[in-house]
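So this block is run_16.txt, compact mmCIF, C-alpha atoms:
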```
# COMPACT_ATOMS: atom_id res chain seq x y z
CA MET A 1 22.40 18.95 5.46
CA ASN A 2 22.53 18.86 1.66
CA ARG A 3 24.70 21.36 -0.09
CA GLN A 4 23.24 23.86 -2.49
CA THR A 5 23.38 22.89 -6.15
CA ASN A 6 23.55 25.29 -9.09
CA ILE A 7 22.74 23.96 -12.53
CA GLU A 8 22.11 25.50 -15.92
CA VAL A 9 18.98 24.32 -17.70
CA ILE A 10 17.17 25.33 -20.85
CA ILE A 11 13.47 26.05 -20.48
CA ASN A 12 11.46 27.03 -23.53
CA GLY A 13 14.64 27.80 -25.44
CA LYS A 14 16.15 30.09 -22.77
CA ARG A 15 19.06 29.32 -20.47
CA TYR A 16 18.41 29.57 -16.70
CA THR A 17 20.50 28.80 -13.64
CA LEU A 18 18.56 26.85 -11.02
CA SER A 19 19.77 26.80 -7.43
CA GLY A 20 18.52 24.52 -4.72
CA TYR A 21 19.24 21.70 -2.36
CA GLU A 22 17.92 19.05 -4.74
CA SER A 23 20.12 16.91 -6.97
CA GLU A 24 21.10 18.06 -10.45
CA GLU A 25 19.15 15.12 -11.86
CA TYR A 26 16.00 16.25 -10.06
CA MET A 27 16.34 19.84 -11.27
CA GLN A 28 16.82 18.56 -14.84
CA LYS A 29 13.59 16.56 -14.44
CA VAL A 30 11.78 19.73 -13.36
CA ALA A 31 13.09 21.63 -16.39
CA SER A 32 12.18 18.71 -18.65
CA TYR A 33 8.64 18.62 -17.28
CA ILE A 34 8.18 22.35 -17.91
CA ASN A 35 9.56 21.94 -21.44
CA LYS A 36 7.05 19.15 -22.12
CA LYS A 37 4.27 21.48 -21.02
CA TYR A 38 5.53 24.19 -23.35
CA ASP A 39 5.69 21.65 -26.18
CA GLU A 40 2.05 20.70 -25.50
CA PHE A 41 0.98 24.35 -25.60
CA LYS A 42 2.88 25.07 -28.81
CA LYS A 43 0.83 22.43 -30.62
CA HIS A 44 -2.31 24.54 -30.20
CA PRO A 45 -2.71 27.29 -32.82
CA SER A 46 -4.25 29.73 -30.31
CA TYR A 47 -1.10 29.61 -28.16
CA ARG A 48 0.86 31.53 -30.80
CA THR A 49 -1.61 34.40 -30.76
CA MET A 50 -1.45 34.88 -26.98
CA ASP A 51 0.73 37.51 -25.41
CA VAL A 52 3.56 36.49 -23.06
CA ASP A 53 1.59 37.23 -19.89
CA MET A 54 -1.31 35.06 -21.05
CA ARG A 55 1.08 32.23 -21.94
CA ASN A 56 2.65 32.45 -18.48
CA VAL A 57 -0.75 32.42 -16.79
CA LEU A 58 -1.75 29.44 -18.92
CA MET A 59 1.43 27.63 -17.85
CA GLN A 60 0.77 28.42 -14.19
CA ILE A 61 -2.82 27.22 -14.46
CA ASN A 62 -1.78 23.96 -16.10
CA LEU A 63 1.04 23.27 -13.64
CA THR A 64 -1.32 24.00 -10.74
CA ASP A 65 -3.94 21.74 -12.29
CA ASP A 66 -1.38 18.91 -12.58
CA TYR A 67 -0.29 19.49 -8.99
CA LEU A 68 -3.83 19.50 -7.60
CA LYS A 69 -4.81 16.38 -9.55
CA LEU A 70 -1.75 14.53 -8.27
CA LYS A 71 -2.45 15.75 -4.74
CA GLN A 72 -6.03 14.44 -5.03
CA GLN A 73 -4.80 11.09 -6.36
CA MET A 74 -2.33 10.86 -3.48
CA SER A 75 -5.07 11.65 -0.98
CA GLU A 76 -7.30 8.96 -2.50
CA LYS A 77 -4.45 6.44 -2.41
CA GLU A 78 -3.73 7.31 1.23
CA SER A 79 -7.40 6.88 2.05
CA ASP A 80 -7.43 3.56 0.18
CA SER A 81 -4.26 2.55 2.00
CA ASP A 82 -5.80 3.44 5.37
CA SER A 83 -8.88 1.40 4.47
CA LYS A 84 -6.75 -1.57 3.45
CA SER A 85 -4.70 -1.24 6.62
CA GLY A 86 -7.94 -1.45 8.59
CA GLU A 87 -8.99 -4.53 6.66
CA ILE A 88 -5.59 -6.13 7.24
CA PHE A 89 -5.85 -5.38 10.97
CA GLU A 90 -9.30 -7.00 11.09
CA LEU A 91 -8.07 -10.04 9.15
CA LYS A 92 -5.08 -10.43 11.47
CA HIS A 93 -7.41 -10.22 14.45
CA GLU A 94 -9.65 -12.85 12.86
CA ILE A 95 -6.63 -15.09 12.20
CA ILE A 96 -5.55 -14.80 15.83
CA SER A 97 -9.09 -15.61 16.97
CA LEU A 98 -9.21 -18.64 14.67
CA GLN A 99 -5.78 -19.81 15.81
CA THR A 100 -6.94 -19.55 19.41
CA ARG A 101 -10.11 -21.47 18.55
CA ILE A 102 -8.05 -24.16 16.76
CA ALA A 103 -5.79 -24.51 19.80
CA THR A 104 -8.83 -24.86 22.05
CA LEU A 105 -10.41 -27.45 19.75
CA GLU A 106 -7.14 -29.39 19.56
CA LYS A 107 -7.04 -29.52 23.37
CA GLU A 108 -10.65 -30.65 23.45
CA LEU A 109 -9.89 -33.30 20.83
CA GLU A 110 -6.91 -34.56 22.81
CA HIS A 111 -9.04 -34.66 25.96
CA THR A 112 -11.79 -36.53 24.11
CA LYS A 113 -9.25 -39.01 22.71
CA GLN A 114 -7.92 -39.58 26.21
CA GLU A 115 -11.46 -40.13 27.54
CA ARG A 116 -12.17 -42.56 24.69
CA TYR A 117 -8.94 -44.43 25.43
CA GLU A 118 -9.91 -44.69 29.10
CA GLU A 119 -13.41 -45.89 28.14
CA GLU A 120 -11.94 -48.52 25.80
CA LYS A 121 -9.67 -49.72 28.61
CA LYS A 122 -12.67 -49.86 30.90
CA ASN A 123 -14.69 -51.81 28.30
CA ILE A 124 -11.85 -54.32 27.81
CA ARG A 125 -11.54 -54.76 31.58
CA LEU A 126 -15.30 -55.24 31.93
CA GLU A 127 -15.39 -57.71 29.01
CA THR A 128 -12.53 -59.60 30.59
CA GLU A 129 -14.35 -59.72 33.93
CA LEU A 130 -17.53 -60.81 32.19
CA ASN A 131 -15.72 -63.58 30.34
CA GLU A 132 -14.14 -64.74 33.61
CA LEU A 133 -17.51 -64.76 35.34
CA ARG A 134 -19.01 -66.82 32.51
CA LYS A 135 -16.21 -69.33 32.79
CA LYS A 136 -16.95 -69.88 36.49
```
Output the file's structure as structure tokens, nothing else.
Amino acid sequence: MNRQTNIEVIINGKRYTLSGYESEEYMQKVASYINKKYDEFKKHPSYRTMDVDMRNVLMQINLTDDYLKLKQQMSEKESDSDSKSGEIFELKHEIISLQTRIATLEKELEHTKQERYEEEKKNIRLETELNELRKK
């Protein structure tokens, strides 16, 4: 089991201690992501006029929106992946069927070649017999 990690981060200009079982690097990424969101909000003039509660709700709404959009994208990619897996399965099945058909046709070809060889031998023997009969 992973050990618990404690790390100090700065979020929106304030120092916080994060604790968790994730790596320090991961927790820094989380803090960085939140800071980027705050930076986006601070660019809008209306953000400055909002009270702290409204700013926090706005942050929660935006983080939830990001999460839900990513979750939807992941679901679509999984669905696409499942669809492609089905197509791959069908193509593999078709390849196996074609390989089986090729093997069957190769056997038929070999059999036909053998029959042709036997017929040619028979023709040569008959021609030889005919030539011998003509000589007599």
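Counting all atoms listed in the file, stretch 15-30 of chain A has the following residues at most 7 Å away, ignoring those fewer than 3 positions along the same chain: A:Asn2, A:Arg3, A:Gln4, A:Thr5, A:Asn6, A:Ile7, A:Glu8, A:Val9, A:Ile10, A:Ile11, A:Tyr33, A:Ile34.
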Open item on the list: Using all atoms listed in the file, which protein or nucleic acid residues come within 12 Å of A:Leu58? Drop anything in the same chain fewer than 6 positions from it, and give the result as a VMD selection string.
Closed with: chain A and resid 37 to 38 40 to 42 46 to 47 50 to 52 64 to 65
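Going from atom CA of A:Gln99 over to atom CA of A:Glu118, you cover 28.5 Å.
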Task: One-decimal distance in Å that lies between atom CA of A:Glu106 and atom CA of A:Leu91 - done: 22.0 Å
